[in-house]
Amino acid sequence: MIDGNIDGVKKSILNKLEVIQDLKVPRDTIVTLDIVNILKEVTLEIEREVSVAIDRKGNIVSIAVGDSSTVDVPLIDVREGKLSGVRVIHTHPNGNPKLSALDISALIKLKLDAMVAIAVSESEELNYNIGFCDVTDNILVEEEIHLRNSEKLLNFNLLEKIKYIEDIIKNNNVVEDNTERAVLVGTEDEESLEELEELAKACEVVPVYSTLQKRSKNKIDPAFYIGRGKVEEVALIRQSLRTNVVIFDEELSGAQVRNLEQALGVKVIDRTTLILEIFARRAKSKEGKIQVELSQLKYRLSRLAGLGTVLSRTGGGIGTRGPGEKKLETDKRHIRERILDLSKELDRIKHVRVTQREKRSKDTVSKIALAGYTNAGKSTLRNKLCDLYPLKSATVKEKVFEADMLFATLDTTTRGILLPDNRVGTITDTVGFIRKLPHDLVEAFKSTLEEVIYADLVLHVVDSANSDAEKQIEVVEEVLKELKADDKPTMLILNKIDNADEDMINNLKEKYDNYEIIEVSARENINLDLLLNKCTELLPYKLKGFKVLIPYSDSSTVAYIHRNGKVDSESYEAEGTLMEVQGDEEVYNKCKKYIVE
């Protein structure tokens with residue numbers, strides 16, 4: 001039985017592989033030359049990886065065919081304190097024997113006796129890399145050995161090596177380290193690289209080392225994005241620091257991901273994948289989850305061929321979680337169908353949002369939207385305003401999650417507040433913006449961000465303590481322009497002034513003097529009353545004020561006013577009920593005949 005991707009493989013080739021099932025391997029030998037030659041012959045014919053799993057008795061456990069970047073690894077029952085008793089020998093049709101990220105991941109997670117990669121090439125002699133489990137600081141890690149020819153492979157004493165490894169495991173309190181440790185690679189500037197570090201931390205990845213290679217867009221290496229010399233440097237750094245992921249601060253093509261993974265021997269992800277991962281973890285509402293899955297599928301649709309390692313069942317870690325995972329291993333047709341279904345579902349939710357928005361418009365509620373860079377303090381500000389100025393009749397609702405991290409808030413929420421002039425207003429918290437925000441995410445979250453488009457007033461919240469505040473303001477302005485919301489009445493809210501440098505605040509005020517600017521600290525309750533008073537001044541007043549005297553015979557009109565208008569005072573006179581009312585055009589016309597002032 002041949003496992004894996006055998007579509008399009010001729011029966012004669014499968015028959016060659018089936019011959020391996022009847023072969024026996026000596027217990028102290030990694031693999032026989034007969035098996036190696038069959039694997040080489042088949043690999044050259046089909047240009048795909050081929051693998052054989054062998055147990056310690058020398059029996060063939062499984063044979064599998066993969067594509068150019070992945071191969072199925074049998075699931076093995078792992079017993080604590082021992083290796084699995086199975087070694088995997090597989091080919092690399094690209095002629096590079098270096099163990100891939102998937103090879104190393106499978107070796108450690110499955111505790112294989114050995115993972116052997118055979119470099120197959122038409123013109124060059126076979127050479128091999130063998131991966132073994134090892135222990136460093138009580139953590140299970142990989143050890144990779146290069147063998148230049150077949151003779152060295154056949155003479156390698158496997159049983160002695162396995163006994164040595166298992167003795168180390170028994171004599172140490174070994175744990176499997178599931179921590180993801182990353183080397184960060186940037187090509188723009190230090191600020192963007194620092195932001196990438198924060199994104200990595202938000203994904204529970206430990207940034208171990210950062211390196212920058214400035215490259216203009218017209219000098220991008222089509223194969224590796226960065227220069228080949230830099231790739232070699234990163235590979236050495238990764239090996240010395242024993243990191244298990246490399247994160248790029250740019251969007252990579254599928255081919256670049258595949259090439260980099262082969263060259264570096266670990267999982268490679270880009271900035272977009274990292275942001276998508278954060279969104280997948282943080283989205284809680286149905287709409288948020290749909291938006292994230294839609295973005296994931298659109299982004300990965302064109303990259304399926306280049307993401308073999310990330311999509312592997314043994315890969316784990318960033319890029320493999322989220323609502324879209326179960327669909328990513330299906331073919332492109334199914335993914336397109338899923339995208340269509342999600343788009344329709346998002347449209348339905350959008351119509352519900354439009355209905356809610358129309359109702360608020362009819363109720364003449366003043367709408368305030370918070371916008372700004374991620375982690376500028378929007379959620380904290382929204383929670384504080386709702387606490388300080390709640391509606392008298394409002395039920396207590398759950399606060400928006402707030403934390404000192406990027407993208408703490410993804411799900412848009414709208415809450416009512418009472419403005420200083422007794423008008424009812426709503427305040428909406430929206431998802432934060434970021435440099436190089438993936439286009440698919442902007443598209444998917446447009447229905448959410450429409451709250452900004454339909455707001456009467458936009459509060460652009462800025463982290464004034466951030467040294468990169470000016471660039472962050474520019475990013476937000478660009479996104480608002482893309483949403484066609486840049487012509488909205490907007491206030492610049494300089495938040496976190498309790499931590500900010502006074503010179504920096506003055507520079508921001510001087511540069512952006514075209515805005516109405518308020519300095520606040522949401523966490524310390526500084527100037528929040530001033531902020532809301534200014535909002536009240538700038539929000540359009542949609543209600544008419546008038547006084548009515550309604551005869552007692554028309555109690556239905558009194559009830560109507562209470563339901564649809566705002567009653568400032570009410571007294572009972574001899575002729576009827578005297579009321580001071582604020583209402584929209586409809587309420588005004590209904591009461592027109594009773595108006596006395």
# chains A, B, ... in the order shown; residues from 1 in each chain; ligands from 1
call {"tool": "residues_around", "arguments": {"residues": "region 234-243 of chain A", "least_positions_apart": "4", "cutoff": "8 Å", "atoms": "only C-alpha atoms", "output": "list in words"}}
result
Glu180, Arg181, Ala182, Val183, Val208, Lys230, Ala263, Leu264 and Gly265 of chain A
call {"tool": "write_last_selection", "arguments": {"atoms": "N, CA and C atoms", "output": "PDB file, in the first residue's frame"}}
result
ATOM      1  N   GLU A 180       7.752  28.988  20.531  1.00  0.00           N
ATOM      2  CA  GLU A 180       8.228  29.422  19.213  1.00  0.00           C
ATOM      3  C   GLU A 180       9.179  30.598  19.407  1.00  0.00           C
ATOM      4  N   ARG A 181      10.423  30.402  18.979  1.00  0.00           N
ATOM      5  CA  ARG A 181      11.458  31.423  19.104  1.00  0.00           C
ATOM      6  C   ARG A 181      11.831  31.878  17.700  1.00  0.00           C
ATOM      7  N   ALA A 182      11.878  33.172  17.512  1.00  0.00           N
ATOM      8  CA  ALA A 182      11.976  33.689  16.145  1.00  0.00           C
ATOM      9  C   ALA A 182      13.176  34.593  15.917  1.00  0.00           C
ATOM     10  N   VAL A 183      13.696  34.503  14.692  1.00  0.00           N
ATOM     11  CA  VAL A 183      14.596  35.517  14.148  1.00  0.00           C
ATOM     12  C   VAL A 183      13.741  36.432  13.279  1.00  0.00           C
ATOM     13  N   VAL A 208      14.011  36.437  19.371  1.00  0.00           N
ATOM     14  CA  VAL A 208      15.340  36.189  19.922  1.00  0.00           C
ATOM     15  C   VAL A 208      16.383  37.100  19.283  1.00  0.00           C
ATOM     16  N   LYS A 230      22.599  37.251   2.775  1.00  0.00           N
ATOM     17  CA  LYS A 230      21.831  37.496   3.998  1.00  0.00           C
ATOM     18  C   LYS A 230      21.110  36.229   4.446  1.00  0.00           C
ATOM     19  N   ALA A 263      16.168  26.735   2.454  1.00  0.00           N
ATOM     20  CA  ALA A 263      17.504  27.274   2.743  1.00  0.00           C
ATOM     21  C   ALA A 263      17.761  27.397   4.241  1.00  0.00           C
ATOM     22  N   LEU A 264      16.714  27.733   5.016  1.00  0.00           N
ATOM     23  CA  LEU A 264      16.902  28.000   6.447  1.00  0.00           C
ATOM     24  C   LEU A 264      16.593  26.785   7.319  1.00  0.00           C
ATOM     25  N   GLY A 265      15.795  25.848   6.784  1.00  0.00           N
ATOM     26  CA  GLY A 265      15.489  24.636   7.541  1.00  0.00           C
ATOM     27  C   GLY A 265      14.484  24.819   8.651  1.00  0.00           C
TER      28      GLY A 265
END
call {"tool": "closest_residue", "arguments": {"among": "A:Lys332, A:Lys286, A:Ala522, A:Val268", "to": "Lys298 (chain A)", "atoms": "only C-alpha atoms"}}
result
A:Lys332
call {"tool": "residues_around", "arguments": {"residues": "Tyr588 (chain A)", "least_positions_apart": "5", "cutoff": "10 Å", "atoms": "only C-alpha atoms", "output": "short mmCIF file (atom, residue, chain, number, x, y, z; two decimals) with N, CA and C atoms, in the first residue's frame"}}
result
data_model
loop_
_atom_site.label_atom_id
_atom_site.label_comp_id
_atom_site.auth_asym_id
_atom_site.auth_seq_id
_atom_site.Cartn_x
_atom_site.Cartn_y
_atom_site.Cartn_z
N LEU A 543 -32.12 67.79 17.11
CA LEU A 543 -33.45 67.90 17.72
C LEU A 543 -33.91 69.35 17.80
N LYS A 544 -35.21 69.54 17.63
CA LYS A 544 -35.83 70.87 17.83
C LYS A 544 -36.38 70.95 19.24
N GLY A 545 -36.19 72.13 19.87
CA GLY A 545 -36.76 72.33 21.20
C GLY A 545 -38.04 73.16 21.12
N PHE A 546 -39.07 72.72 21.80
CA PHE A 546 -40.34 73.46 21.78
C PHE A 546 -41.16 73.11 23.03
N VAL A 548 -45.12 72.49 24.53
CA VAL A 548 -46.48 72.13 24.08
C VAL A 548 -47.42 72.07 25.28
N ILE A 561 -45.06 61.38 22.70
CA ILE A 561 -43.89 62.24 22.95
C ILE A 561 -42.89 61.51 23.85
N GLY A 565 -39.73 61.30 21.75
CA GLY A 565 -39.02 62.55 21.96
C GLY A 565 -38.27 62.55 23.27
N VAL A 581 -40.14 69.97 25.30
CA VAL A 581 -39.81 68.77 24.53
C VAL A 581 -38.67 69.06 23.56
N GLN A 582 -37.83 68.03 23.32
CA GLN A 582 -36.87 68.04 22.21
C GLN A 582 -37.22 66.84 21.33
N GLY A 583 -37.36 67.11 20.03
CA GLY A 583 -37.74 66.02 19.13
C GLY A 583 -37.33 66.30 17.70
N LYS A 593 -49.87 71.40 16.42
CA LYS A 593 -51.09 72.14 16.79
C LYS A 593 -51.15 72.50 18.28
N TYR A 594 -50.29 71.84 19.10
CA TYR A 594 -50.30 72.10 20.53
C TYR A 594 -49.13 72.99 20.98
N ILE A 595 -48.29 73.40 20.03
CA ILE A 595 -47.10 74.17 20.39
C ILE A 595 -47.51 75.56 20.89
#
call {"tool": "residues_around", "arguments": {"residues": "Leu459 (chain A)", "least_positions_apart": "2", "cutoff": "6 Å", "atoms": "only C-alpha atoms", "output": "PDB file with C-alpha atoms, in the first residue's frame"}}
result
ATOM      1  CA  LEU A 370     -13.143  55.882  17.609  1.00  0.00           C
ATOM      2  CA  VAL A 461      -6.942  58.444  18.964  1.00  0.00           C
ATOM      3  CA  THR A 490     -12.475  64.611  13.029  1.00  0.00           C
ATOM      4  CA  MET A 491     -10.800  65.388  16.337  1.00  0.00           C
TER       5      MET A 491
END
call {"tool": "closest_residue", "arguments": {"among": "A:Arg423, A:His460, A:Lys592, A:Lys10", "to": "Thr536 (chain A)", "atoms": "only C-alpha atoms"}}
result
A:Arg423
call {"tool": "closest_atom_pairs", "arguments": {"of": "region 94-181 of chain A", "to": "region 48-62 of chain A", "cutoff": "10 Å", "atoms": "only C-alpha atoms", "output": "tab-separated table"}}
result
residue	atom	partner	partner_atom	distance
A:Asn94	CA	A:Arg48	CA	9.3
A:Leu112	CA	A:Ala53	CA	9.9
A:Asp113	CA	A:Arg56	CA	8.8
A:Ala114	CA	A:Ile54	CA	9.9
A:Met115	CA	A:Ala53	CA	9.4
A:Val116	CA	A:Ser51	CA	9.4
A:Ala117	CA	A:Ser51	CA	9.2
A:Ile118	CA	A:Glu49	CA	9.7
A:Val120	CA	A:Glu49	CA	9.6
A:Leu158	CA	A:Arg56	CA	9.7
A:Leu159	CA	A:Arg56	CA	8.7
call {"tool": "decode", "arguments": {"residues": "region 265-306 of chain A", "atoms": "N, CA and C atoms", "output": "tab-separated table (two decimals), in the first residue's frame"}}
result
chain	number	residue	atom	x	y	z
A	265	GLY	N	15.79	25.85	6.78
A	265	GLY	CA	15.49	24.64	7.54
A	265	GLY	C	14.48	24.82	8.65
A	266	VAL	N	13.76	25.94	8.66
A	266	VAL	CA	12.69	26.16	9.64
A	266	VAL	C	11.50	26.80	8.94
A	267	LYS	N	10.43	26.89	9.70
A	267	LYS	CA	9.23	27.54	9.17
A	267	LYS	C	9.51	29.02	8.94
A	268	VAL	N	9.02	29.53	7.81
A	268	VAL	CA	9.17	30.95	7.46
A	268	VAL	C	7.77	31.53	7.29
A	269	ILE	N	7.52	32.63	7.96
A	269	ILE	CA	6.23	33.32	7.78
A	269	ILE	C	6.50	34.80	7.53
A	270	ASP	N	5.51	35.48	6.98
A	270	ASP	CA	5.67	36.91	6.71
A	270	ASP	C	4.76	37.72	7.63
A	271	ARG	N	4.87	39.04	7.50
A	271	ARG	CA	4.11	39.96	8.36
A	271	ARG	C	2.61	39.73	8.23
A	272	THR	N	2.15	39.51	7.00
A	272	THR	CA	0.72	39.31	6.77
A	272	THR	C	0.21	38.09	7.50
A	273	THR	N	0.95	36.98	7.40
A	273	THR	CA	0.54	35.75	8.10
A	273	THR	C	0.46	35.99	9.60
A	274	LEU	N	1.41	36.77	10.13
A	274	LEU	CA	1.44	37.07	11.56
A	274	LEU	C	0.20	37.86	11.97
A	275	ILE	N	-0.15	38.88	11.19
A	275	ILE	CA	-1.34	39.69	11.49
A	275	ILE	C	-2.61	38.84	11.39
A	276	LEU	N	-2.69	38.01	10.36
A	276	LEU	CA	-3.84	37.11	10.22
A	276	LEU	C	-3.96	36.17	11.41
A	277	GLU	N	-2.83	35.71	11.92
A	277	GLU	CA	-2.82	34.82	13.08
A	277	GLU	C	-3.38	35.53	14.31
A	278	ILE	N	-2.96	36.79	14.52
A	278	ILE	CA	-3.46	37.56	15.67
A	278	ILE	C	-4.97	37.74	15.54
A	279	PHE	N	-5.43	38.08	14.34
A	279	PHE	CA	-6.86	38.27	14.12
A	279	PHE	C	-7.61	36.97	14.38
A	280	ALA	N	-7.03	35.83	13.95
A	280	ALA	CA	-7.69	34.53	14.15
A	280	ALA	C	-7.83	34.22	15.64
A	281	ARG	N	-6.84	34.61	16.44
A	281	ARG	CA	-6.89	34.35	17.88
A	281	ARG	C	-7.85	35.27	18.61
A	282	ARG	N	-7.95	36.52	18.15
A	282	ARG	CA	-8.69	37.53	18.93
A	282	ARG	C	-10.16	37.66	18.55
A	283	ALA	N	-10.52	37.28	17.32
A	283	ALA	CA	-11.91	37.47	16.88
A	283	ALA	C	-12.84	36.62	17.73
A	284	LYS	N	-13.86	37.22	18.28
A	284	LYS	CA	-14.81	36.50	19.14
A	284	LYS	C	-16.21	36.45	18.54
A	285	SER	N	-16.64	37.52	17.88
A	285	SER	CA	-17.99	37.55	17.32
A	285	SER	C	-18.06	36.74	16.03
A	286	LYS	N	-19.27	36.39	15.65
A	286	LYS	CA	-19.46	35.64	14.40
A	286	LYS	C	-18.92	36.44	13.21
A	287	GLU	N	-19.22	37.73	13.20
A	287	GLU	CA	-18.77	38.58	12.09
A	287	GLU	C	-17.24	38.64	12.04
A	288	GLY	N	-16.63	38.81	13.22
A	288	GLY	CA	-15.17	38.88	13.27
A	288	GLY	C	-14.52	37.61	12.76
A	289	LYS	N	-15.07	36.46	13.16
A	289	LYS	CA	-14.51	35.17	12.72
A	289	LYS	C	-14.65	34.99	11.22
A	290	ILE	N	-15.80	35.40	10.68
A	290	ILE	CA	-16.00	35.29	9.23
A	290	ILE	C	-15.01	36.18	8.49
A	291	GLN	N	-14.83	37.41	8.98
A	291	GLN	CA	-13.91	38.34	8.32
A	291	GLN	C	-12.48	37.80	8.32
A	292	VAL	N	-12.08	37.20	9.44
A	292	VAL	CA	-10.73	36.64	9.54
A	292	VAL	C	-10.57	35.45	8.60
A	293	GLU	N	-11.54	34.54	8.62
A	293	GLU	CA	-11.44	33.36	7.76
A	293	GLU	C	-11.41	33.76	6.29
A	294	LEU	N	-12.22	34.73	5.94
A	294	LEU	CA	-12.25	35.21	4.55
A	294	LEU	C	-10.89	35.77	4.15
A	295	SER	N	-10.28	36.54	5.03
A	295	SER	CA	-8.95	37.10	4.74
A	295	SER	C	-7.91	36.00	4.61
A	296	GLN	N	-7.96	35.01	5.52
A	296	GLN	CA	-7.01	33.90	5.47
A	296	GLN	C	-7.10	33.16	4.15
A	297	LEU	N	-8.32	32.85	3.75
A	297	LEU	CA	-8.51	32.06	2.53
A	297	LEU	C	-8.06	32.82	1.28
A	298	LYS	N	-8.41	34.09	1.22
A	298	LYS	CA	-7.99	34.89	0.05
A	298	LYS	C	-6.48	34.99	-0.03
A	299	TYR	N	-5.85	35.19	1.12
A	299	TYR	CA	-4.39	35.34	1.14
A	299	TYR	C	-3.70	34.03	0.74
A	300	ARG	N	-4.21	32.92	1.24
A	300	ARG	CA	-3.52	31.65	1.04
A	300	ARG	C	-3.90	30.94	-0.25
A	301	LEU	N	-4.96	31.41	-0.88
A	301	LEU	CA	-5.41	30.75	-2.11
A	301	LEU	C	-4.30	30.66	-3.14
A	302	SER	N	-3.57	31.76	-3.32
A	302	SER	CA	-2.51	31.78	-4.33
A	302	SER	C	-1.19	31.24	-3.81
A	303	ARG	N	-1.18	30.82	-2.52
A	303	ARG	CA	0.08	30.40	-1.92
A	303	ARG	C	0.07	28.95	-1.45
A	304	LEU	N	-0.94	28.20	-1.82
A	304	LEU	CA	-1.05	26.83	-1.32
A	304	LEU	C	0.18	25.99	-1.66
A	305	ALA	N	0.70	26.16	-2.86
A	305	ALA	CA	1.87	25.37	-3.29
A	305	ALA	C	3.10	25.72	-2.49
A	306	GLY	N	3.16	26.93	-1.99
A	306	GLY	CA	4.36	27.38	-1.29
A	306	GLY	C	4.30	27.28	0.20
